[in-house]
Structures are given as structure tokens and as C-alpha cells.
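Dropping target.tsv in here (TSV, C-alpha atoms):
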```tsv
chain	number	residue	atom	x	y	z
A	1	MET	CA	98.09	96.94	80.46
A	2	ARG	CA	97.58	100.05	82.60
A	3	LEU	CA	95.44	102.59	80.78
A	4	LEU	CA	95.04	106.09	82.16
A	5	SER	CA	93.60	109.48	81.21
A	6	TYR	CA	95.34	112.76	81.92
A	7	LEU	CA	95.67	116.43	81.09
A	8	LEU	CA	98.71	117.66	79.20
A	9	ASP	CA	98.90	121.41	78.75
A	10	GLY	CA	95.16	121.52	79.43
A	11	GLU	CA	94.28	118.91	76.79
A	12	PRO	CA	92.72	115.57	77.81
A	13	ARG	CA	94.73	112.61	76.51
A	14	TYR	CA	95.17	108.93	77.33
A	15	GLY	CA	98.02	106.49	77.46
A	16	ALA	CA	99.67	103.47	79.01
A	17	ALA	CA	101.51	103.62	82.32
A	18	VAL	CA	104.81	101.73	82.09
A	19	GLU	CA	108.05	101.65	84.03
A	20	GLY	CA	109.54	105.13	83.83
A	21	GLY	CA	106.46	107.04	82.77
A	22	VAL	CA	103.55	107.15	80.35
A	23	ILE	CA	103.33	106.23	76.66
A	24	ASP	CA	100.93	108.61	74.92
A	25	LEU	CA	98.43	106.60	72.89
A	26	THR	CA	96.15	109.48	71.86
A	27	LYS	CA	97.53	109.73	68.31
A	28	ARG	CA	99.57	106.54	68.19
A	29	ILE	CA	96.84	103.98	67.53
A	30	GLY	CA	96.02	103.41	63.87
A	31	ARG	CA	92.31	103.94	64.36
A	32	ASP	CA	91.25	107.23	65.89
A	33	PHE	CA	89.94	106.72	69.41
A	34	SER	CA	89.13	109.91	71.26
A	35	ASP	CA	89.43	108.47	74.77
A	36	VAL	CA	89.63	105.28	76.81
A	37	LYS	CA	85.88	104.70	76.62
A	38	ALA	CA	85.99	104.76	72.81
A	39	LEU	CA	88.88	102.28	72.87
A	40	ILE	CA	86.92	99.96	75.17
A	41	ALA	CA	83.76	100.23	73.05
A	42	ALA	CA	85.72	99.31	69.91
A	43	ASN	CA	87.27	96.27	71.61
A	44	ALA	CA	90.64	97.71	70.66
A	45	LEU	CA	92.86	96.67	73.57
A	46	SER	CA	95.07	94.73	71.18
A	47	ASP	CA	95.54	97.91	69.10
A	48	ALA	CA	96.67	99.78	72.21
A	49	GLN	CA	99.04	96.98	73.19
A	50	GLU	CA	100.56	96.91	69.71
A	51	ALA	CA	100.95	100.70	69.68
A	52	ALA	CA	102.73	100.67	73.04
A	53	ALA	CA	104.99	97.69	72.35
A	54	GLY	CA	108.67	98.65	72.39
A	55	GLN	CA	107.95	102.34	72.94
A	56	LYS	CA	109.77	104.47	75.49
A	57	PRO	CA	107.71	106.69	77.81
A	58	ASP	CA	106.76	110.05	76.39
A	59	TYR	CA	106.27	111.76	79.76
A	60	PRO	CA	107.16	111.18	83.39
A	61	LEU	CA	104.05	110.37	85.37
A	62	GLU	CA	104.61	113.23	87.81
A	63	ARG	CA	104.35	115.79	85.00
A	64	LEU	CA	100.75	114.81	84.23
A	65	VAL	CA	97.46	115.81	85.83
A	66	LEU	CA	95.67	112.49	86.18
A	67	LEU	CA	91.95	112.21	85.48
A	68	PRO	CA	89.54	109.34	86.20
A	69	PRO	CA	90.52	106.65	83.65
A	70	VAL	CA	87.08	106.69	81.99
A	71	LEU	CA	85.99	110.31	81.67
A	72	THR	CA	82.36	109.91	80.69
A	73	PRO	CA	80.88	106.54	81.64
A	74	GLU	CA	77.18	106.34	80.94
A	75	LYS	CA	76.68	104.84	84.40
A	76	LEU	CA	78.66	104.99	87.63
A	77	TRP	CA	77.02	102.43	89.90
A	78	CYS	CA	77.94	102.23	93.59
A	79	ILE	CA	77.29	99.25	95.85
A	80	GLY	CA	76.82	99.68	99.59
A	81	VAL	CA	77.21	97.27	102.52
A	82	ASN	CA	79.00	94.51	100.60
A	83	TYR	CA	81.74	93.17	102.90
A	84	ALA	CA	81.29	90.83	105.84
A	85	GLU	CA	80.54	92.70	109.10
A	86	ARG	CA	79.49	95.88	107.23
A	87	ASN	CA	75.81	95.18	107.94
A	88	ALA	CA	76.61	94.81	111.65
A	89	GLU	CA	78.28	98.25	111.68
A	90	TYR	CA	74.84	99.84	111.35
A	91	LYS	CA	73.79	98.33	114.72
A	92	ASP	CA	70.14	98.08	113.63
A	93	ASN	CA	69.76	94.31	114.16
A	94	SER	CA	68.77	93.89	110.50
A	95	ASP	CA	69.13	90.62	108.62
A	96	LEU	CA	71.82	90.23	105.99
A	97	PRO	CA	70.64	91.80	102.73
A	98	LYS	CA	69.03	89.63	100.04
A	99	TYR	CA	69.94	92.07	97.27
A	100	PRO	CA	72.75	94.60	96.77
A	101	SER	CA	72.28	98.14	98.06
A	102	LEU	CA	72.67	100.49	95.13
A	103	PHE	CA	73.03	104.19	94.36
A	104	VAL	CA	74.56	106.26	91.57
A	105	ARG	CA	77.13	109.03	91.44
A	106	SER	CA	77.89	111.67	88.84
A	107	MET	CA	81.40	112.01	87.46
A	108	SER	CA	81.47	115.61	88.68
A	109	SER	CA	81.77	114.11	92.18
A	110	MET	CA	85.03	112.40	91.19
A	111	THR	CA	88.56	113.55	90.49
A	112	GLY	CA	91.76	111.75	89.52
A	113	SER	CA	94.66	110.39	91.51
A	114	GLY	CA	97.00	113.07	92.82
A	115	GLN	CA	94.31	115.75	92.59
A	116	PRO	CA	92.70	117.31	95.67
A	117	ILE	CA	89.41	116.01	96.98
A	118	GLU	CA	87.28	118.73	98.48
A	119	LYS	CA	85.89	119.11	101.96
A	120	PRO	CA	82.69	121.14	101.43
A	121	ASN	CA	82.05	124.34	103.32
A	122	VAL	CA	78.63	123.15	104.54
A	123	SER	CA	79.87	120.09	106.46
A	124	ASP	CA	82.72	118.80	108.60
A	125	GLN	CA	81.74	115.17	107.95
A	126	LEU	CA	83.80	114.24	104.89
A	127	ASP	CA	84.56	110.51	105.10
A	128	TYR	CA	86.67	108.06	103.08
A	129	GLU	CA	85.58	104.72	101.58
A	130	GLY	CA	88.24	102.70	99.76
A	131	GLU	CA	86.78	100.45	97.04
A	132	LEU	CA	87.61	98.27	94.06
A	133	VAL	CA	86.00	99.26	90.76
A	134	ILE	CA	84.86	97.06	87.87
A	135	VAL	CA	85.16	98.62	84.41
A	136	ILE	CA	82.75	97.07	81.92
A	137	GLY	CA	84.15	96.02	78.55
A	138	GLN	CA	81.52	94.11	76.63
A	139	GLY	CA	78.09	95.52	77.42
A	140	GLY	CA	74.84	93.64	77.66
A	141	ARG	CA	71.44	93.07	79.24
A	142	HIS	CA	70.32	90.03	81.24
A	143	ILE	CA	73.90	88.76	81.57
A	144	PRO	CA	73.97	85.29	83.17
A	145	ARG	CA	76.20	85.05	86.20
A	146	GLU	CA	78.33	82.36	84.57
A	147	GLN	CA	79.12	84.74	81.69
A	148	ALA	CA	79.67	87.86	83.79
A	149	TRP	CA	83.47	87.63	84.05
A	150	SER	CA	83.88	87.99	80.29
A	151	HIS	CA	82.19	91.40	80.47
A	152	ILE	CA	84.91	92.93	82.68
A	153	PHE	CA	87.49	95.03	80.84
A	154	GLY	CA	89.59	95.71	83.92
A	155	MET	CA	89.83	97.06	87.45
A	156	THR	CA	90.61	100.39	89.07
A	157	LEU	CA	90.24	102.00	92.53
A	158	CYS	CA	87.91	104.51	94.14
A	159	ASN	CA	87.83	106.66	97.24
A	160	GLU	CA	84.06	106.92	97.43
A	161	GLY	CA	84.15	110.11	99.50
A	162	THR	CA	80.96	110.71	101.45
A	163	ILE	CA	79.43	113.65	103.30
A	164	ARG	CA	77.85	111.73	106.16
A	165	ASP	CA	75.33	114.23	107.55
A	166	TRP	CA	73.97	114.88	104.05
A	167	LEU	CA	73.23	111.15	103.63
A	168	ARG	CA	70.32	111.65	106.02
A	169	HIS	CA	68.67	114.58	104.26
A	170	GLY	CA	66.36	112.29	102.27
A	171	LYS	CA	64.06	109.64	103.70
A	172	PHE	CA	64.76	106.98	101.10
A	173	ASN	CA	68.03	107.93	99.42
A	174	VAL	CA	71.67	108.87	100.01
A	175	THR	CA	72.16	110.78	96.76
A	176	GLN	CA	72.97	114.18	98.29
A	177	GLY	CA	75.78	112.95	100.50
A	178	LYS	CA	77.32	110.94	97.66
A	179	ASN	CA	77.47	113.61	94.97
A	180	PHE	CA	79.31	116.67	96.28
A	181	ASP	CA	81.62	117.99	93.57
A	182	ARG	CA	85.13	116.50	93.75
A	183	SER	CA	84.40	114.69	97.03
A	184	GLY	CA	85.75	111.37	95.72
A	185	SER	CA	88.34	110.02	93.31
A	186	ILE	CA	88.90	107.19	90.81
A	187	GLY	CA	92.20	105.89	89.44
A	188	PRO	CA	95.08	105.97	88.99
A	189	TRP	CA	94.56	103.70	85.97
A	190	ILE	CA	92.68	100.64	84.71
A	191	VAL	CA	94.58	97.37	84.94
A	192	THR	CA	93.14	95.26	82.13
A	193	ALA	CA	91.67	91.82	82.80
A	194	ASP	CA	94.30	90.03	80.72
A	195	GLU	CA	96.88	91.09	83.36
A	196	LEU	CA	94.67	91.02	86.46
A	197	ASP	CA	92.09	88.27	86.83
A	198	PRO	CA	89.05	89.99	88.39
A	199	ARG	CA	88.03	86.68	89.97
A	200	GLY	CA	90.79	87.44	92.46
A	201	PRO	CA	91.16	87.29	95.29
A	202	LEU	CA	91.95	91.00	95.38
A	203	ASP	CA	92.99	92.94	98.46
A	204	ILE	CA	91.83	96.46	99.34
A	205	ILE	CA	93.27	98.77	102.00
A	206	THR	CA	92.80	102.43	102.94
A	207	ARG	CA	95.27	104.63	104.80
A	208	VAL	CA	94.83	108.14	106.17
A	209	ASN	CA	98.10	109.98	106.75
A	210	GLY	CA	99.84	106.60	106.62
A	211	GLU	CA	97.59	105.01	109.26
A	212	LEU	CA	95.81	101.82	108.20
A	213	ARG	CA	92.03	102.31	108.46
A	214	GLN	CA	90.51	99.64	106.18
A	215	GLN	CA	91.74	96.23	105.05
A	216	ASP	CA	89.86	93.36	103.45
A	217	THR	CA	89.71	90.97	100.49
A	218	THR	CA	87.15	90.14	97.80
A	219	GLU	CA	86.94	86.63	99.24
A	220	ARG	CA	84.63	88.19	101.87
A	221	LEU	CA	82.22	89.98	99.54
A	222	MET	CA	78.55	89.27	100.19
A	223	PHE	CA	77.77	90.01	96.53
A	224	PRO	CA	80.75	89.02	94.32
A	225	PHE	CA	81.50	90.78	91.06
A	226	ASP	CA	79.70	88.26	88.86
A	227	VAL	CA	76.55	88.58	90.98
A	228	LEU	CA	76.66	92.38	90.71
A	229	ILE	CA	77.01	92.32	86.92
A	230	SER	CA	74.16	89.84	86.51
A	231	TYR	CA	71.92	91.74	88.95
A	232	LEU	CA	72.51	95.20	87.47
A	233	SER	CA	72.09	94.00	83.91
A	234	THR	CA	68.69	92.56	84.80
A	235	PHE	CA	67.18	96.05	84.85
A	236	ALA	CA	69.72	98.19	82.96
A	237	THR	CA	71.85	97.60	79.89
A	238	LEU	CA	75.52	97.77	80.82
A	239	LYS	CA	77.62	99.79	78.37
A	240	PRO	CA	81.36	99.74	77.60
A	241	GLY	CA	83.13	102.01	80.08
A	242	ASP	CA	80.43	101.79	82.75
A	243	MET	CA	81.95	101.48	86.21
A	244	ILE	CA	80.72	99.56	89.25
A	245	VAL	CA	82.17	100.67	92.60
A	246	THR	CA	81.88	97.44	94.54
A	247	GLY	CA	81.64	98.41	98.23
A	248	THR	CA	83.88	99.43	101.10
A	249	PRO	CA	85.17	97.33	104.02
A	250	THR	CA	84.64	98.12	107.68
A	251	GLY	CA	86.65	100.97	109.18
A	252	ALA	CA	85.32	104.17	107.61
A	253	GLY	CA	85.73	107.29	109.74
A	254	ALA	CA	82.07	107.38	110.74
A	255	ARG	CA	82.42	104.04	112.54
A	256	PHE	CA	84.95	105.28	115.12
A	257	ASP	CA	83.86	106.66	118.49
A	258	PRO	CA	84.17	109.58	118.20
A	259	PRO	CA	84.05	109.71	114.37
A	260	ARG	CA	87.29	110.53	112.59
A	261	TRP	CA	86.34	112.89	109.77
A	262	LEU	CA	88.81	113.94	107.11
A	263	LYS	CA	90.42	117.36	107.57
A	264	VAL	CA	92.08	119.74	105.16
A	265	GLY	CA	95.62	118.51	104.53
A	266	ASP	CA	94.89	114.83	105.21
A	267	VAL	CA	96.25	112.34	102.67
A	268	VAL	CA	94.03	109.39	101.76
A	269	GLU	CA	95.53	106.35	100.00
A	270	VAL	CA	93.46	103.49	98.60
A	271	GLU	CA	95.60	100.55	97.53
A	272	SER	CA	95.28	97.11	95.99
A	273	SER	CA	98.53	95.20	95.52
A	274	ARG	CA	97.78	94.20	91.91
A	275	ILE	CA	96.39	97.59	90.85
A	276	GLY	CA	98.39	100.32	92.58
A	277	VAL	CA	97.71	103.31	94.82
A	278	LEU	CA	95.05	106.00	94.47
A	279	ARG	CA	96.29	108.99	96.46
A	280	ASN	CA	94.57	112.30	97.19
A	281	THR	CA	95.04	115.22	99.59
A	282	VAL	CA	92.00	116.87	101.18
A	283	ALA	CA	91.53	120.54	100.28
A	284	ALA	CA	88.95	123.12	101.28
A	285	GLU	CA	86.15	123.85	98.83
A	286	GLN	CA	87.04	126.85	96.66
```

Could you write out this structure as C-alpha cells?
Amino acid sequence: MRLLSYLLDGEPRYGAAVEGGVIDLTKRIGRDFSDVKALIAANALSDAQEAAAGQKPDYPLERLVLLPPVLTPEKLWCIGVNYAERNAEYKDNSDLPKYPSLFVRSMSSMTGSGQPIEKPNVSDQLDYEGELVIVIGQGGRHIPREQAWSHIFGMTLCNEGTIRDWLRHGKFNVTQGKNFDRSGSIGPWIVTADELDPRGPLDIITRVNGELRQQDTTERLMFPFDVLISYLSTFATLKPGDMIVTGTPTGAGARFDPPRWLKVGDVVEVESSRIGVLRNTVAAEQ
């Protein structure tokens, strides 16, 4: 199933993306779930599937303003330097990491598919990072690696937009450069784990104005999804709807010589063949 969140006449709603459009599930499920996170927390995927079965689309997809599929996750974890050769891109002669690199983002730094991502006024160094995203279903603490797969509700996509010069403002953190309002995006929907096995392999590519910039597969992750879930849950309780952005391949704009920063009007597409396409146009900060 493909679950998505959207605005209709200014009201946030959620539904299922199907051929020909979107089935509105906001009032259709027998139990009252306010959003996708509430549905996940109640383990009510089967209710959503039953409500959507045999229904015709209520709206064409292009009529809707798409939002990140989970509007208010308690945690939005982001993993850095997780694909083969990414460590070498830093050219610091460091050993391969023993543990995942980790930072957090706020949801105010994210927008939905089809919505503009913003180039801030204070920097010309807006960069793209195409990534696969784990959406947690069953929460937990101290999750053994061998049980981690059962905690995944589904997968979505992220353009983990980054303001590169602001990454270096702090001595020990990258928080500033990762949290500019509307600098990144998540979506277009969650493909649930019963239709997409998160064990993969899953491909990930990024295009800018149609030009291929990034391409890789989860077979080359240094820290696979089950490792990430086990590691994170060692120190923090994972909650239904939490999202883990799992790392970007080589080929971000900062790694070109000279760097290739995003400009107003550029179109960034992040794609995985079994999930879909997350597409955003770069706009100037308002």
C-alpha cells in the first residue's frame, strides 16, 4: 500500500495512492485515525487496506498539495557517511567508521513532494542528498538486530537538503546546516513493508534537471537497516512513525570540482524503482 498525507482545501488529510489518483482514507476507516502516524501506532494497516479495497480514487494526485507522509514523527534520525566510498570523499585519510554517524532534523526543515525547497538568502551552498527512509512501525528499545526487520512499517524517500557552509559553523555538530526551513523534502508516500521488502536490495538515484548525479544500492551500505535500528534503539526508544534517513551515496554537489550548488529553478528528483519519485523545484527563500 502507498500511504500519503496531503492538503485539500487547506485541511491536512491522508489516503492511499492508487492507479488514477488518491483514495481518501481520512473518514473512511471505521476507527478514527487522525493521521498516518496514528494509523501506524494502532497497527491498523489492515483497516486501511480494507477501507481502500474496491474504491475508486477520490482525487487526482495533481490536485493535491503533498506533505511528508508522517507529519509529526517524534524523531527524525539522519545517518551520514553510510555508502561505500563516502568516507573516502572526505579525503582525510580516516579509517572506516566503527559506528554510524548520526544527527537529527526537525520536520520544519522538510516539505512534501512537488513543493518547493528553499535556497536560503544567507548562502549559495544548497546541496542535494538523495536517501532512502525507514519508517518505524512497531516501536521498541534494545531491539536485537535479528528482530529489527519486523519493526519497519515501510519505506519512503528523502532529499536531505544541506547548506554546506553552515555545516562548519559548529566545532562538533552539523545541526545548523541540516535544519534550514524547507531545505529538504520527504515523500511522496510510504510503501508498506508487505509490498516492499526492506531487506532489498533497493536502488537509489538522484537527478538534477534530468542529469544523473547519484546512483547506488543498499547492497553497499556500511551500516544496513537492521544495524541502524538495533544501534539507535540501544540509547533511544523508537516510536511508531519515527523515520530514519539512511545515508546518501557519492555524488553530492559539494564533491564536484568546482562544487555544483543548487540554483533557483533547478529540479531535483530522488528515485527508487520500487518506491517512486520525490520531485522538488528549488525556490528562493521568501

Could you make a table, as CSV, of the residues of stretch 53-169 of chain A that have an atom within 9 Å of an atom of stretch 197-205 of chain A, each with its nearest atom pair and distance in Å to one decimal, counting only C-alpha atoms, in chain and number order?
```
residue,atom,partner,partner_atom,distance
A:Gly130,CA,A:Ile205,CA,6.8
A:Glu131,CA,A:Ile204,CA,6.8
A:Leu132,CA,A:Ile204,CA,7.0
A:Ile134,CA,A:Pro198,CA,8.2
A:Trp149,CA,A:Pro198,CA,7.5
A:Ile152,CA,A:Pro198,CA,7.6
A:Gly154,CA,A:Pro198,CA,7.3
A:Met155,CA,A:Pro198,CA,7.2
A:Leu157,CA,A:Ile204,CA,8.9
```

Please write the residues from the selection above to a file, keeping C-alpha atoms, as a short mmCIF file (atom, residue, chain, number, x, y, z; two decimals), in the coordinates of the input.
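The resulting file, result_0.cif, is shown below:
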```cif
data_model
loop_
_atom_site.label_atom_id
_atom_site.label_comp_id
_atom_site.auth_asym_id
_atom_site.auth_seq_id
_atom_site.Cartn_x
_atom_site.Cartn_y
_atom_site.Cartn_z
CA GLY A 130 88.24 102.70 99.76
CA GLU A 131 86.78 100.45 97.04
CA LEU A 132 87.61 98.27 94.06
CA ILE A 134 84.86 97.06 87.87
CA TRP A 149 83.47 87.63 84.05
CA ILE A 152 84.91 92.93 82.68
CA GLY A 154 89.59 95.71 83.92
CA MET A 155 89.83 97.06 87.45
CA LEU A 157 90.24 102.00 92.53
#
```

>> Given only C-alpha atoms as the basis, pick out the residue of A:Lys56, A:Lys37, A:His142, A:Arg260 nearest to A:Pro73.
In response: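 Residue with the minimum atom-to-atom distance to A:Pro73: A:Lys37.
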
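Counting all atoms listed in the file and comparing A:Pro258, A:Pro224, A:Pro249, A:Pro68, the residue that lies closest to A:Glu85 is A:Pro249.
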
Can you pull out the residues contacting stretch 5-20 of chain A? Cut-off 8 Å, using only C-alpha atoms, and skip same-chain residues under 3 positions away; I want them as a tab-separated table (two decimals) with C-alpha atoms, in the coordinates of the input.
```
chain	number	residue	atom	x	y	z
A	1	MET	CA	98.09	96.94	80.46
A	2	ARG	CA	97.58	100.05	82.60
A	23	ILE	CA	103.33	106.23	76.66
A	24	ASP	CA	100.93	108.61	74.92
A	25	LEU	CA	98.43	106.60	72.89
A	26	THR	CA	96.15	109.48	71.86
A	35	ASP	CA	89.43	108.47	74.77
A	36	VAL	CA	89.63	105.28	76.81
A	52	ALA	CA	102.73	100.67	73.04
A	57	PRO	CA	107.71	106.69	77.81
A	60	PRO	CA	107.16	111.18	83.39
A	61	LEU	CA	104.05	110.37	85.37
A	64	LEU	CA	100.75	114.81	84.23
A	65	VAL	CA	97.46	115.81	85.83
A	66	LEU	CA	95.67	112.49	86.18
A	67	LEU	CA	91.95	112.21	85.48
A	68	PRO	CA	89.54	109.34	86.20
A	69	PRO	CA	90.52	106.65	83.65
A	70	VAL	CA	87.08	106.69	81.99
A	71	LEU	CA	85.99	110.31	81.67
A	189	TRP	CA	94.56	103.70	85.97
```

> Counting all atoms listed in the file, which residues come within 8 Å of (81.8, 111.0, 99.7), with the point read in the file's coordinates, and could you list them as a list of chain:residue names?
Replying inline: A:Leu126, A:Asp127, A:Tyr128, A:Glu129, A:Asn159, A:Glu160, A:Gly161, A:Thr162, A:Ile163, A:Arg164, A:Gly177, A:Lys178, A:Asn179, A:Phe180, A:Ser183, A:Gly184

> Which residues, protein or nucleic acid, reach to within 8 Å of (74.2, 93.4, 92.5) in the file's coordinates when using only C-alpha atoms, and can you give that as a PyMOL selection string?
Replying inline: chain A and resi 79+99-102+223+225+227-232

>> Can you tell me which residues surround A:Arg207 at a distance of at most 7 Å, considering all atoms listed in the file, apart from same-chain residues fewer than 2 positions away, and format the answer as a count of residues only?
In response: 9

>> One number please: atom CA of A:Gly265 to atom CA of A:Thr250, in Å, one decimal.
In response: 23.4 Å
